[in-house]
Each structure stands twice: as C-alpha cells, then as structure tokens.
Amino acid sequence: MPSPVALNAPTPSPFIFKETGSLSKLPLMSTAMLYLSAVQQAYTRARSHDSSSAASTPTRSIPPSVTASSEDAILNEDDTNNCLVNSLTLPTSEVFAIAHTEFGHCVNEAYRCVSEHDPTKPFQEHTIEEPPYYVLFTTYISYLMVICVSHARDFFGKRFAKSYFTHLMPHNGYAALNSDFDSFYARRLQRRVDDCFSQPVAGVPGRTVLILDRYSTDYNLTQIYTGTKTRALNISSYNYLGFSQAQGGCSDAVGECICRYGTSTCGTRLESGSSELHAFAEALVARFLGTEDALVSSMGFATNSTFIPALVGKKSLIISDELNHTSIRVGARQSGAQVRMFKHNDMSSLESVLREVISQGQPKTHRPWKKILVIVEGLYSMEGTLVNLLRIIELKHKYKFYLFVDEAHSIGAIGPHGRGVTDYFNIHPGSIDVLMGTFTKSFGAAGGYITGPKTLIDALRLRGYLGPYAEAMAPPVLAQIIASIASIMGVAPAPQPSKSQKSLNLASSIITPKDSADELQRMVPASMLPAWINLHPSLADGSEARMRIRRLAFNCRYLHAGLKKLGFIISGHPFSPIVPLLIFNPGKCVMFARLMRARRVPIVVVVVGYPATPLEKGRARFCASASHTKEDIDMVLQACDEIGEILDLKHGLGERWGIDEICERAVELVHSAV
C-alpha cells in the first residue's frame, strides 16, 4: 500500500510529514522534525512557483534550534523577514548557499571532530560481539523454513500451475533461459522483500531524498507507482562529503562544462576520447594523493576488474583479504595469477600466508614467484573496518611484496585532510605501490582512478582494457571531480603561464617520496585548473571542505558511539562513514527497513543480507554524511532505539545510556572515545 506519509504532487501546499500525534510527545526530536517539515513546505512552493527568479533563489537558513519552536512553524519563502529563508546573521564559518534539504546547516563548531590516528596508541583490532545463541538459532530456522516452504511450492506449482513456471522449464524445443536453481533465491526470497530494495528516488540524494511511493498487489512481482512522492531523511547514500548537490560551486562548474564540452567525448581514451579535462583531472588526482601519476576511468568497478589483470599474470601470486570487494575478486580471476586468501584484517594470518608462499614458491615447480601482490581495502564497505596499514607496511618491508590499496570508501572520508588511510595514519603515499579509489562516494561524481609511479601508470594506459575499449569519462563528471578535489585542497592564486610553459601533462604534479608532509598538504596552484572554473571563495580557500571533513568525522563517531551506548551490536571503525548495525535475522532486517520508512519523519536505510554478508549476519548499513546535522543523527538514534526495542535487537555488551542522555552528551561522547 502507499506510504501513509505520501505527498500528493498536485496538492498546492501539502504537509510532507503527516501528523500522527503531538510533537510535544517527542521533545527531543521536535525541533528537527519541524525543520524538515518546514523545508518540505518551501520545496513544494518553490517547485510550483510561477516566477523563475523565486525558484532559483537559494534557500538560506539557520539552525532549527533557533528558528522553530512550535507546531505552527511554517516556512514561507515569500516572507523576506523569515529567518528560515534569510539568516539574521550569516556566520563566517559556513556559507548558506545550499538548500537545507541537500546539505544541512550546522554552525555549532562543537559538532566537529578530526579523523586521525593517535600514534601513541596501538591500532585497535575490531572484533564483532557474538549475539545470544537463540538469535543465531532463530536466524537459521527462519532460512530453513523459507527454503523448505519455497521448494514445496515449486514442486506442486510445476505440476498444478504450469503456466507460472514455463520460463523455468524446457518448452517448444528450447531449454529454460533462466535456470530453476539459479533463480530460486531471487524468486522465493529476494522478491518477497523487494520493496526494501531498489527504491526509486527523485531529485538530489543529499541530506534528504524524495522517494517515489509504490506498492504491489502480487508480492512484488510488479510495482505500482502512485504518482506521489515522500521526502525522507537519507542515511543510505554514498555522499560522504555532501558534494552531490544541485546548487553550489561544484554544480555551477558542471553546468559551465556542459556548455563548453557537451555531455560526452564519444570515444575511448586511446582514440579520440581524451580531452584536456582528463589531463587536468589526472594531474589534480596525482597531486591530491601525493603520487607521481594517475589514471582515471569511467567506472569504479572496472578500475579493479580491468587493471588488476594488467598488473599481474601467470606465475604471479595475489594475496587478498577474504572480504575484498567483488571487483577485486573478478580482476584476480581474470588475471590468471594464483590467488590466496587471508582472514579479514588479520595480520597474523597474512604473515602466515606470506611465509608459506615465499618458502614453497610456485605449485609443482617450487620456483620463486614472478611477483607477489597483496590487495586490501582502505575501508571495507560491508564491515566498516579500517585496514591495519601500519602493520602491513612493516610486513611489506620485511617480505618485499607489492601493495595494492583500494580506497573506494576511505578517500575523502578518512584522515584530517580527506586523503584516505595514508592521511589517517600519517604514512607517505609513496610507501604504497598502487592506490586505487572511486569518485562516487566522497566527490559526488562517478568513475574511479588508479595512481602510482609514472612508469607503472604509463604501462596501464596501454595494457588496461579501459584504454582501448571503454568509453572515456564524460566531461561533466570530470568537471565535478576537478571542482570537488580543488575545493578540498584549496586553490592558491598563481600567475597565468605562457603558452610555452602551459602543459597538460602530469609533470607539475609529480611528488616524490622525498617531499615533506607540508608539500602534500599545500594548496593547488590555480594554473592546474581550467581557467573557466571559478569556485566560490569559501570553496577556493578550502575552508568549506575542511568544515565538511570535520563534520563527517563528528557524525560518524557520534552515530557509531550512540548506537553502541543504546546496546546494539555495531561493526566497523569509529571514524568509518559506514556504520553497520547487526540485525542477524532476515525477517527483522525487512521489518527494520519498513518501520524506519513508515515513521512520521521517514528515514531511508539500506539493509543487507545473504549473499552480500554471511548467512547469519544480516545488517542495516547506515551511511553518515557531512550533510547531516547533529539533530539528524539524534533522529536516527531515537528511531533505532524505538525499533530496536520492538524487534529485540539490543544484544550488545557494555554500559548503556538512555536516548536523552546520549543526545545531551553527544560532544562528550564523541571526544571521550577518540
């Protein structure tokens, strides 16, 4: 059935969050709820407003604690004196040029934190708490019951309702296109809960998101769209630094890029698809990461699956973490190299494997390996755990292997300067042979990159499948990458070089291992950016990006620590933007997602189960963002507290706090655990 909080589009001024009770019942959350409601009122009126000038005016606001104090708080965009539209005093620490629905306005400097490793303390290996035995027992029983009943239905259905199974059985001389066994999981398990997955959205996946309301009358075989939309708090998108915006300096650069370069280069990199924007982006990425050279690709998954076969081949060995991403597994299989696994983030297991493979050599012949490549992730996307890079570097120096680090989720989100795990541990990037990452998570773009020594990158340009066969990255995406990275680094004014000096190669960005940390952290010269990119002063000086990085660190730490204090079993590193909440039972995972979405202020979450996780470790995976305010995290914590009691999810050990105490002592909680 349609969501009870659905917004009917033709209605002139609908109230997006339908009232189900007095806000006074939730004193702690009332401010945030009122603010979200007021923002939706403004959004609806802006979309229906006939005046183009009014529609293009950026929303300005100040924190809800200052502006909303009663149930009657309504956002009126036509009222220029309304402090929700035009802030009475614009603070110098943040520029309100972005809609509050896309990036939450938070000026309290106490809600900031720095993500960095304390060298005086050893790296803490994270272990997941085990739930009570009855939780595991009921989880296995749930799967067993569903599988048995589903097989029984298939058995009788193929004999008494053959019309529903023709696509699974041979007919008219043709073999079944879809295998019965392969499709069993999708038909009998996944389809029943399909309303919790693949949720279509409209608009920007920012702090909030518009979801299209839908329902099904045939158990999710088909979906019926009601034509209505619901605005919900978004805790599910990979938008760590909040750069995925329809307004602001980065989006302005993208618009200008389309006017100049169009939407595609219509070719591969080795043919006619390379543009000057590719050279600008690669030079900027190399300088940002402190490596000699960089290569960008149009797809993050393909960056691993196509470049790993170009790095290693037969008579080589890949040692991979058991929880590495599928793209790494695919690339390892295609390479033809031997593959060995070690336990997740277990350095003792890694060293044991290294000793064995080095002493034994290649199978049968026992000759030395041509090369050994260890592949790990900086931040594991399903567990939220951070790689023990300090120990791996020690093993690298001892056993002389090559190191490949996938920073898809850590780049931009980890470290005091947003430069990933090397920044977090204060390790020079030159200590790692190959750094890979994506632009999807922290930069609001698409595609991926691979960086390393110039000789290696030059070889990958020719030997990687992406160069001759894949489409080149689109110009608007490149503009988003350039603008977002430049805003993180900050732009230092520089005189325009002459034509003889101007070059679009990577020479000016090369950084050697001899360079100091100050060299890696200094601002990028304006000459390394396209002349037509004109960033807002707060973006150009790097102040806004620094604010985003510190806000993200606070939100991650607060959400992680708050859930633990509520009694949940939480996985991952405290500064990880991915915060997995272990639910275990598949039925509870589904109910958790539905109950979160059915709240008065809907919250969109991602739930994950088998085969993406072990059978008994289903989970909700929260994705914190710099766009969230402290009140947003409060709202998520209260929702989890209430639903956790209903579904019996609080099985964690340690001291427990009440939700009110957690929200009131948020700053103390964050900094006491850093």
# chains A, B, ... in the order shown; residues from 1 in each chain; ligands from 1
>>> residues_around(residues="Glu471 of chain A", least_positions_apart="5", cutoff="9 Å", atoms="only C-alpha atoms", output="list in words")
Thr265, Cys266, Gly267, Thr268, Arg269, Gly273, Ser297, Ser298 and Leu466 of chain A
>>> write_last_selection(atoms="N, CA, C and O atoms", output="mmCIF file, in the first residue's frame")
data_model
loop_
_atom_site.group_PDB
_atom_site.id
_atom_site.type_symbol
_atom_site.label_atom_id
_atom_site.label_comp_id
_atom_site.auth_asym_id
_atom_site.auth_seq_id
_atom_site.Cartn_x
_atom_site.Cartn_y
_atom_site.Cartn_z
ATOM 1 N N THR A 265 32.602 12.668 -24.758
ATOM 2 C CA THR A 265 33.712 12.799 -25.703
ATOM 3 C C THR A 265 33.575 11.819 -26.863
ATOM 4 O O THR A 265 34.348 11.878 -27.819
ATOM 5 N N CYS A 266 32.619 10.879 -26.769
ATOM 6 C CA CYS A 266 32.270 9.970 -27.875
ATOM 7 C C CYS A 266 33.484 9.200 -28.390
ATOM 8 O O CYS A 266 33.743 9.142 -29.601
ATOM 9 N N GLY A 267 34.229 8.597 -27.492
ATOM 10 C CA GLY A 267 35.369 7.803 -27.911
ATOM 11 C C GLY A 267 36.089 7.221 -26.722
ATOM 12 O O GLY A 267 35.787 7.526 -25.562
ATOM 13 N N THR A 268 37.069 6.356 -26.998
ATOM 14 C CA THR A 268 37.884 5.780 -25.937
ATOM 15 C C THR A 268 39.108 6.662 -25.702
ATOM 16 O O THR A 268 39.451 7.515 -26.527
ATOM 17 N N ARG A 269 39.801 6.399 -24.600
ATOM 18 C CA ARG A 269 40.949 7.237 -24.258
ATOM 19 C C ARG A 269 42.072 7.108 -25.284
ATOM 20 O O ARG A 269 42.795 8.078 -25.542
ATOM 21 N N GLY A 273 38.800 10.012 -27.540
ATOM 22 C CA GLY A 273 38.012 10.358 -26.363
ATOM 23 C C GLY A 273 38.735 11.160 -25.306
ATOM 24 O O GLY A 273 38.110 11.602 -24.339
ATOM 25 N N SER A 297 39.219 6.454 -14.788
ATOM 26 C CA SER A 297 38.387 5.573 -15.604
ATOM 27 C C SER A 297 36.924 5.906 -15.366
ATOM 28 O O SER A 297 36.563 6.515 -14.351
ATOM 29 N N SER A 298 36.086 5.484 -16.289
ATOM 30 C CA SER A 298 34.681 5.876 -16.251
ATOM 31 C C SER A 298 33.829 5.006 -15.341
ATOM 32 O O SER A 298 32.645 5.275 -15.168
ATOM 33 N N LEU A 466 40.460 -0.707 -20.237
ATOM 34 C CA LEU A 466 39.656 0.511 -20.306
ATOM 35 C C LEU A 466 40.175 1.473 -21.368
ATOM 36 O O LEU A 466 39.383 2.184 -21.999
#
>>> select_by_dssp(residues="segment 271-476 of chain A", states="strand (DSSP E)", output="VMD selection string")
chain A and resid 293 to 297 317 to 321 338 to 342 372 to 377 402 to 406 434 to 438 448 to 452
>>> closest_residue(among="A:Leu350, A:Ile549, A:Val590, A:Ile432", to="Leu647 of chain A", atoms="only C-alpha atoms")
A:Val590
>>> residues_around(residues="segment 606-609 of chain A", least_positions_apart="3", cutoff="8 Å", atoms="only C-alpha atoms", output="list in words")
Cys196, Phe197, Ser236, Pro586, Cys589, Val590, Ala593, Ala612, Thr613, Pro614, Leu615, Lys617, Gly618, Arg619, Ala620, Arg621 and Phe622 of chain A
>>> write_last_selection(atoms="N, CA and C atoms", output="compact mmCIF listing (two decimals), in the first residue's frame")
# COMPACT_ATOMS: atom_id res chain seq x y z
N CYS A 196 12.02 -3.30 -0.11
CA CYS A 196 13.09 -2.69 0.69
C CYS A 196 14.33 -2.38 -0.14
N PHE A 197 14.33 -2.76 -1.42
CA PHE A 197 15.49 -2.58 -2.26
C PHE A 197 15.11 -1.83 -3.53
N SER A 236 21.37 6.59 3.64
CA SER A 236 21.69 5.41 2.85
C SER A 236 22.61 5.68 1.67
N PRO A 586 16.86 -12.41 8.99
CA PRO A 586 16.44 -11.76 7.74
C PRO A 586 15.07 -11.11 7.83
N CYS A 589 15.47 -7.79 9.46
CA CYS A 589 16.07 -6.81 8.55
C CYS A 589 14.99 -6.12 7.73
N VAL A 590 14.08 -6.90 7.20
CA VAL A 590 13.00 -6.35 6.37
C VAL A 590 12.10 -5.44 7.20
N ALA A 593 13.74 -2.00 7.98
CA ALA A 593 13.68 -1.04 6.89
C ALA A 593 12.27 -0.47 6.72
N ALA A 612 25.41 -11.09 0.18
CA ALA A 612 26.37 -9.99 0.37
C ALA A 612 27.05 -10.09 1.73
N THR A 613 26.43 -10.76 2.68
CA THR A 613 27.01 -10.97 4.01
C THR A 613 26.93 -12.46 4.33
N PRO A 614 27.61 -12.91 5.38
CA PRO A 614 27.40 -14.29 5.82
C PRO A 614 25.92 -14.54 6.14
N LEU A 615 25.52 -15.79 6.05
CA LEU A 615 24.11 -16.15 6.15
C LEU A 615 23.45 -15.60 7.41
N LYS A 617 24.45 -13.05 9.36
CA LYS A 617 24.84 -11.69 9.77
C LYS A 617 24.20 -10.62 8.90
N GLY A 618 22.88 -10.68 8.78
CA GLY A 618 22.16 -9.59 8.13
C GLY A 618 22.30 -8.31 8.93
N ARG A 619 22.24 -7.18 8.25
CA ARG A 619 22.52 -5.92 8.93
C ARG A 619 21.84 -4.75 8.25
N ALA A 620 21.69 -3.68 8.99
CA ALA A 620 21.35 -2.37 8.42
C ALA A 620 22.64 -1.60 8.29
N ARG A 621 22.85 -0.98 7.15
CA ARG A 621 24.11 -0.27 6.90
C ARG A 621 23.83 1.22 6.75
N PHE A 622 24.17 1.97 7.78
CA PHE A 622 24.00 3.42 7.75
C PHE A 622 25.19 4.07 7.06
>>> closest_residue(among="A:Arg551, A:Arg287, A:His536, A:Arg187", to="Gly104 of chain A", atoms="only C-alpha atoms")
A:Arg551
>>> closest_residue(among="A:Tyr558, A:Phe425, A:Phe592, A:Tyr219", to="Val604 of chain A", atoms="only C-alpha atoms")
A:Phe592
>>> closest_residue(among="A:Gly464, A:Val209, A:Pro132, A:Pro577", to="Leu649 of chain A", atoms="only C-alpha atoms")
A:Pro132
>>> residues_around(residues="segment 238-240 of chain A", least_positions_apart="4", cutoff="12 Å", atoms="only C-alpha atoms", output="mmCIF file with C-alpha atoms, in the first residue's frame")
data_model
loop_
_atom_site.group_PDB
_atom_site.id
_atom_site.type_symbol
_atom_site.label_atom_id
_atom_site.label_comp_id
_atom_site.auth_asym_id
_atom_site.auth_seq_id
_atom_site.Cartn_x
_atom_site.Cartn_y
_atom_site.Cartn_z
ATOM 1 C CA GLU A 102 20.642 18.919 0.244
ATOM 2 C CA PHE A 103 23.142 19.969 2.909
ATOM 3 C CA VAL A 204 19.303 15.062 -5.206
ATOM 4 C CA PRO A 205 20.476 12.236 -2.882
ATOM 5 C CA GLY A 206 21.562 14.732 -0.250
ATOM 6 C CA ARG A 207 20.674 15.099 3.394
ATOM 7 C CA THR A 208 17.104 14.267 2.433
ATOM 8 C CA VAL A 209 15.763 12.469 -0.599
ATOM 9 C CA ASN A 234 18.594 9.984 3.764
ATOM 10 C CA SER A 244 26.221 15.658 -4.568
ATOM 11 C CA GLN A 245 24.268 18.904 -4.850
ATOM 12 C CA SER A 381 32.314 -1.380 2.522
ATOM 13 C CA ALA A 408 36.895 3.436 -2.759
ATOM 14 C CA HIS A 409 35.260 4.285 0.583
ATOM 15 C CA SER A 410 38.146 5.838 2.501
ATOM 16 C CA ILE A 411 39.341 8.530 0.092
ATOM 17 C CA GLY A 412 37.829 11.882 1.027
ATOM 18 C CA ALA A 413 36.161 10.433 4.128
ATOM 19 C CA ILE A 414 39.148 9.403 6.266
ATOM 20 C CA GLY A 418 40.485 13.789 3.481
ATOM 21 C CA THR A 438 36.455 5.918 -6.783
ATOM 22 C CA PHE A 439 34.854 9.323 -7.200
ATOM 23 C CA THR A 440 31.364 8.097 -6.335
ATOM 24 C CA LYS A 441 31.433 8.236 -2.565
ATOM 25 C CA SER A 442 33.104 11.447 -1.424
ATOM 26 C CA PHE A 443 33.236 13.586 -4.555
ATOM 27 C CA GLY A 444 29.655 13.355 -5.823
ATOM 28 C CA ALA A 445 30.796 12.100 -9.231
ATOM 29 C CA ALA A 446 31.351 8.723 -10.927
ATOM 30 C CA ALA A 545 35.798 21.445 2.543
ATOM 31 C CA ARG A 548 32.766 19.133 5.684
ATOM 32 C CA ILE A 549 35.564 16.732 6.596
ATOM 33 C CA ARG A 550 35.317 17.639 10.279
ATOM 34 C CA ARG A 551 31.524 17.438 10.276
ATOM 35 C CA LEU A 552 31.673 13.998 8.689
ATOM 36 C CA ALA A 553 34.136 12.806 11.339
ATOM 37 C CA ASN A 555 28.722 12.465 12.569
ATOM 38 C CA CYS A 556 30.470 9.120 12.044
ATOM 39 C CA PHE A 575 35.542 7.058 12.145
ATOM 40 C CA SER A 576 34.057 4.973 9.351
ATOM 41 C CA PRO A 577 31.196 6.667 7.450
ATOM 42 C CA ILE A 578 29.746 3.165 7.055
ATOM 43 C CA VAL A 605 18.085 2.958 5.261
ATOM 44 C CA VAL A 606 19.860 0.118 3.479
ATOM 45 C CA ARG A 621 24.113 -0.271 6.904
ATOM 46 C CA PHE A 622 23.996 3.419 7.751
ATOM 47 C CA CYS A 623 25.985 5.845 5.624
ATOM 48 C CA ALA A 624 26.793 9.022 7.531
ATOM 49 C CA SER A 625 27.405 12.233 5.622
ATOM 50 C CA ALA A 626 28.754 15.701 6.263
ATOM 51 C CA SER A 627 25.365 16.950 5.069
ATOM 52 C CA HIS A 628 23.667 15.571 8.191
#
>>> closest_residue(among="A:Gly572, A:Pro170, A:Pro476, A:Gly447", to="Leu386 of chain A", atoms="only C-alpha atoms")
A:Gly572
>>> closest_residue(among="A:Ala202, A:Ile393, A:Ile457, A:Ala161", to="Pro429 of chain A", atoms="only C-alpha atoms")
A:Ile393
>>> residues_around(residues="Asn178 of chain A", least_positions_apart="6", cutoff="12 Å", atoms="only C-alpha atoms", output="PDB file with all heavy atoms, in the first residue's frame")
ATOM      1  N   PHE A 165       5.393 -21.406 -14.463  1.00  0.00           N
ATOM      2  CA  PHE A 165       6.757 -21.924 -14.423  1.00  0.00           C
ATOM      3  C   PHE A 165       7.297 -22.250 -15.813  1.00  0.00           C
ATOM      4  O   PHE A 165       8.316 -22.918 -15.937  1.00  0.00           O
ATOM      5  CB  PHE A 165       6.816 -23.186 -13.550  1.00  0.00           C
ATOM      6  CG  PHE A 165       6.517 -22.942 -12.100  1.00  0.00           C
ATOM      7  CD1 PHE A 165       5.221 -22.964 -11.636  1.00  0.00           C
ATOM      8  CD2 PHE A 165       7.539 -22.666 -11.210  1.00  0.00           C
ATOM      9  CE1 PHE A 165       4.938 -22.731 -10.307  1.00  0.00           C
ATOM     10  CE2 PHE A 165       7.266 -22.427  -9.872  1.00  0.00           C
ATOM     11  CZ  PHE A 165       5.967 -22.452  -9.409  1.00  0.00           C
ATOM     12  N   THR A 166       6.622 -21.774 -16.862  1.00  0.00           N
ATOM     13  CA  THR A 166       7.068 -22.100 -18.218  1.00  0.00           C
ATOM     14  C   THR A 166       8.467 -21.559 -18.504  1.00  0.00           C
ATOM     15  O   THR A 166       9.219 -22.173 -19.268  1.00  0.00           O
ATOM     16  CB  THR A 166       6.070 -21.530 -19.246  1.00  0.00           C
ATOM     17  OG1 THR A 166       5.905 -20.117 -18.996  1.00  0.00           O
ATOM     18  CG2 THR A 166       4.729 -22.229 -19.154  1.00  0.00           C
ATOM     19  N   HIS A 167       8.818 -20.420 -17.911  1.00  0.00           N
ATOM     20  CA  HIS A 167      10.134 -19.843 -18.162  1.00  0.00           C
ATOM     21  C   HIS A 167      11.250 -20.603 -17.457  1.00  0.00           C
ATOM     22  O   HIS A 167      12.430 -20.357 -17.704  1.00  0.00           O
ATOM     23  CB  HIS A 167      10.160 -18.377 -17.719  1.00  0.00           C
ATOM     24  CG  HIS A 167       9.965 -18.181 -16.246  1.00  0.00           C
ATOM     25  ND1 HIS A 167       8.774 -18.459 -15.607  1.00  0.00           N
ATOM     26  CD2 HIS A 167      10.820 -17.741 -15.279  1.00  0.00           C
ATOM     27  CE1 HIS A 167       8.890 -18.194 -14.318  1.00  0.00           C
ATOM     28  NE2 HIS A 167      10.127 -17.762 -14.096  1.00  0.00           N
ATOM     29  N   LEU A 168      10.877 -21.543 -16.572  1.00  0.00           N
ATOM     30  CA  LEU A 168      11.880 -22.325 -15.856  1.00  0.00           C
ATOM     31  C   LEU A 168      11.997 -23.751 -16.385  1.00  0.00           C
ATOM     32  O   LEU A 168      12.851 -24.505 -15.908  1.00  0.00           O
ATOM     33  CB  LEU A 168      11.529 -22.374 -14.366  1.00  0.00           C
ATOM     34  CG  LEU A 168      11.487 -21.029 -13.628  1.00  0.00           C
ATOM     35  CD1 LEU A 168      11.020 -21.223 -12.204  1.00  0.00           C
ATOM     36  CD2 LEU A 168      12.854 -20.368 -13.659  1.00  0.00           C
ATOM     37  N   MET A 169      11.148 -24.123 -17.345  1.00  0.00           N
ATOM     38  CA  MET A 169      11.152 -25.495 -17.857  1.00  0.00           C
ATOM     39  C   MET A 169      11.320 -25.472 -19.372  1.00  0.00           C
ATOM     40  O   MET A 169      10.956 -24.493 -20.039  1.00  0.00           O
ATOM     41  CB  MET A 169       9.841 -26.188 -17.484  1.00  0.00           C
ATOM     42  CG  MET A 169       9.625 -26.329 -15.983  1.00  0.00           C
ATOM     43  SD  MET A 169       8.126 -27.255 -15.570  1.00  0.00           S
ATOM     44  CE  MET A 169       6.856 -26.135 -16.186  1.00  0.00           C
ATOM     45  N   PRO A 170      11.901 -26.540 -19.941  1.00  0.00           N
ATOM     46  CA  PRO A 170      12.014 -26.614 -21.406  1.00  0.00           C
ATOM     47  C   PRO A 170      10.638 -26.554 -22.066  1.00  0.00           C
ATOM     48  O   PRO A 170       9.684 -27.172 -21.584  1.00  0.00           O
ATOM     49  CB  PRO A 170      12.687 -27.977 -21.633  1.00  0.00           C
ATOM     50  CG  PRO A 170      13.358 -28.299 -20.334  1.00  0.00           C
ATOM     51  CD  PRO A 170      12.502 -27.698 -19.270  1.00  0.00           C
ATOM     52  N   PHE A 184      16.076 -19.550  -7.938  1.00  0.00           N
ATOM     53  CA  PHE A 184      15.299 -19.869  -6.743  1.00  0.00           C
ATOM     54  C   PHE A 184      15.413 -18.772  -5.694  1.00  0.00           C
ATOM     55  O   PHE A 184      14.399 -18.314  -5.145  1.00  0.00           O
ATOM     56  CB  PHE A 184      15.774 -21.204  -6.162  1.00  0.00           C
ATOM     57  CG  PHE A 184      15.092 -21.571  -4.877  1.00  0.00           C
ATOM     58  CD1 PHE A 184      13.826 -22.135  -4.887  1.00  0.00           C
ATOM     59  CD2 PHE A 184      15.703 -21.335  -3.649  1.00  0.00           C
ATOM     60  CE1 PHE A 184      13.184 -22.467  -3.696  1.00  0.00           C
ATOM     61  CE2 PHE A 184      15.076 -21.659  -2.460  1.00  0.00           C
ATOM     62  CZ  PHE A 184      13.815 -22.225  -2.484  1.00  0.00           C
ATOM     63  N   ALA A 186      16.237 -15.625  -6.017  1.00  0.00           N
ATOM     64  CA  ALA A 186      15.623 -14.370  -6.442  1.00  0.00           C
ATOM     65  C   ALA A 186      14.098 -14.447  -6.396  1.00  0.00           C
ATOM     66  O   ALA A 186      13.428 -13.481  -6.015  1.00  0.00           O
ATOM     67  CB  ALA A 186      16.085 -14.016  -7.854  1.00  0.00           C
ATOM     68  N   ARG A 187      13.544 -15.590  -6.755  1.00  0.00           N
ATOM     69  CA  ARG A 187      12.084 -15.717  -6.799  1.00  0.00           C
ATOM     70  C   ARG A 187      11.467 -15.849  -5.421  1.00  0.00           C
ATOM     71  O   ARG A 187      10.461 -15.204  -5.107  1.00  0.00           O
ATOM     72  CB  ARG A 187      11.686 -16.923  -7.652  1.00  0.00           C
ATOM     73  CG  ARG A 187      11.915 -16.763  -9.137  1.00  0.00           C
ATOM     74  CD  ARG A 187      11.389 -17.958  -9.920  1.00  0.00           C
ATOM     75  NE  ARG A 187      12.097 -19.185  -9.591  1.00  0.00           N
ATOM     76  CZ  ARG A 187      11.575 -20.189  -8.868  1.00  0.00           C
ATOM     77  NH1 ARG A 187      10.331 -20.095  -8.410  1.00  0.00           N
ATOM     78  NH2 ARG A 187      12.277 -21.273  -8.596  1.00  0.00           N
TER      79      ARG A 187
END
>>> closest_atom_pairs(of="segment 419-493 of chain A", to="segment 304-318 of chain A", cutoff="10 Å", atoms="only C-alpha atoms", output="JSON lines")
{"residue": "A:Val434", "atom": "CA", "partner": "A:Leu311", "partner_atom": "CA", "distance": 9.8}
{"residue": "A:Met436", "atom": "CA", "partner": "A:Asn304", "partner_atom": "CA", "distance": 7.9}
{"residue": "A:Gly437", "atom": "CA", "partner": "A:Asn304", "partner_atom": "CA", "distance": 9.2}
{"residue": "A:Gly448", "atom": "CA", "partner": "A:Asn304", "partner_atom": "CA", "distance": 9.0}
{"residue": "A:Tyr449", "atom": "CA", "partner": "A:Asn304", "partner_atom": "CA", "distance": 9.4}
{"residue": "A:Ile450", "atom": "CA", "partner": "A:Phe307", "partner_atom": "CA", "distance": 8.5}
{"residue": "A:Leu456", "atom": "CA", "partner": "A:Leu311", "partner_atom": "CA", "distance": 8.8}
{"residue": "A:Ala459", "atom": "CA", "partner": "A:Ala310", "partner_atom": "CA", "distance": 8.5}
{"residue": "A:Leu460", "atom": "CA", "partner": "A:Ala310", "partner_atom": "CA", "distance": 6.6}
{"residue": "A:Arg461", "atom": "CA", "partner": "A:Phe307", "partner_atom": "CA", "distance": 9.3}
{"residue": "A:Leu462", "atom": "CA", "partner": "A:Ala310", "partner_atom": "CA", "distance": 9.2}
{"residue": "A:Arg463", "atom": "CA", "partner": "A:Ala310", "partner_atom": "CA", "distance": 5.7}
{"residue": "A:Gly464", "atom": "CA", "partner": "A:Phe307", "partner_atom": "CA", "distance": 5.3}
{"residue": "A:Tyr465", "atom": "CA", "partner": "A:Thr306", "partner_atom": "CA", "distance": 5.7}
{"residue": "A:Leu466", "atom": "CA", "partner": "A:Thr306", "partner_atom": "CA", "distance": 6.8}
{"residue": "A:Gly467", "atom": "CA", "partner": "A:Thr306", "partner_atom": "CA", "distance": 9.9}
>>> select_by_dssp(residues="segment 415-493 of chain A", states="helix (DSSP H, G or I)", output="ChimeraX atom specification")
/A:421-425,429-431,454-463,466-469,475-489
>>> residues_around(residues="Ser251 of chain A", least_positions_apart="3", cutoff="10 Å", atoms="only C-alpha atoms", output="PyMOL selection string")
chain A and resi 243-248+254-257+444+476+479-480+483-484
>>> residues_around(residues="Phe568 of chain A", least_positions_apart="2", cutoff="12 Å", atoms="only C-alpha atoms", output="PyMOL selection string")
chain A and resi 128-131+559-566+570-571+579-584+619-620+637+640-641+643-645+647-657
>>> decode(residues="segment 98-111 of chain A", atoms="N, CA, C and O atoms", output="compact mmCIF listing (two decimals), in the first residue's frame")
# COMPACT_ATOMS: atom_id res chain seq x y z
N ILE A 98 23.24 26.74 -0.07
CA ILE A 98 22.75 25.44 -0.48
C ILE A 98 21.43 25.17 0.23
O ILE A 98 21.25 25.53 1.39
N ALA A 99 20.51 24.53 -0.48
CA ALA A 99 19.23 24.17 0.13
C ALA A 99 19.46 23.25 1.32
O ALA A 99 20.28 22.33 1.27
N HIS A 100 18.71 23.50 2.39
CA HIS A 100 18.87 22.71 3.61
C HIS A 100 18.54 21.25 3.36
O HIS A 100 19.05 20.37 4.06
N THR A 101 17.68 20.96 2.38
CA THR A 101 17.35 19.58 2.07
C THR A 101 18.54 18.83 1.49
O THR A 101 18.64 17.61 1.61
N GLU A 102 19.47 19.54 0.86
CA GLU A 102 20.64 18.92 0.24
C GLU A 102 21.81 18.85 1.22
O GLU A 102 22.53 17.85 1.26
N PHE A 103 22.02 19.90 1.98
CA PHE A 103 23.14 19.97 2.91
C PHE A 103 22.68 20.71 4.15
O PHE A 103 22.38 21.91 4.10
N GLY A 104 22.62 20.00 5.27
CA GLY A 104 22.09 20.59 6.49
C GLY A 104 22.95 21.71 7.03
O GLY A 104 24.17 21.63 7.03
N HIS A 105 22.31 22.76 7.50
CA HIS A 105 23.02 23.93 8.04
C HIS A 105 23.32 23.69 9.52
O HIS A 105 22.42 23.52 10.33
N CYS A 106 24.58 23.69 9.85
CA CYS A 106 25.02 23.46 11.23
C CYS A 106 26.22 24.36 11.51
O CYS A 106 27.29 24.17 10.92
N VAL A 107 26.04 25.36 12.36
CA VAL A 107 27.10 26.33 12.62
C VAL A 107 27.77 26.13 13.96
O VAL A 107 28.70 26.85 14.30
N ASN A 108 27.33 25.14 14.72
CA ASN A 108 27.91 24.89 16.04
C ASN A 108 29.26 24.21 15.86
O ASN A 108 29.36 23.05 15.45
N GLU A 109 30.34 24.92 16.18
CA GLU A 109 31.69 24.39 16.00
C GLU A 109 31.98 23.24 16.96
O GLU A 109 32.98 22.53 16.77
N ALA A 110 31.14 23.04 17.96
CA ALA A 110 31.35 21.91 18.86
C ALA A 110 31.06 20.59 18.16
O ALA A 110 31.56 19.54 18.57
N TYR A 111 30.23 20.65 17.10
CA TYR A 111 29.88 19.44 16.37
C TYR A 111 30.88 19.21 15.24
O TYR A 111 30.52 19.07 14.07
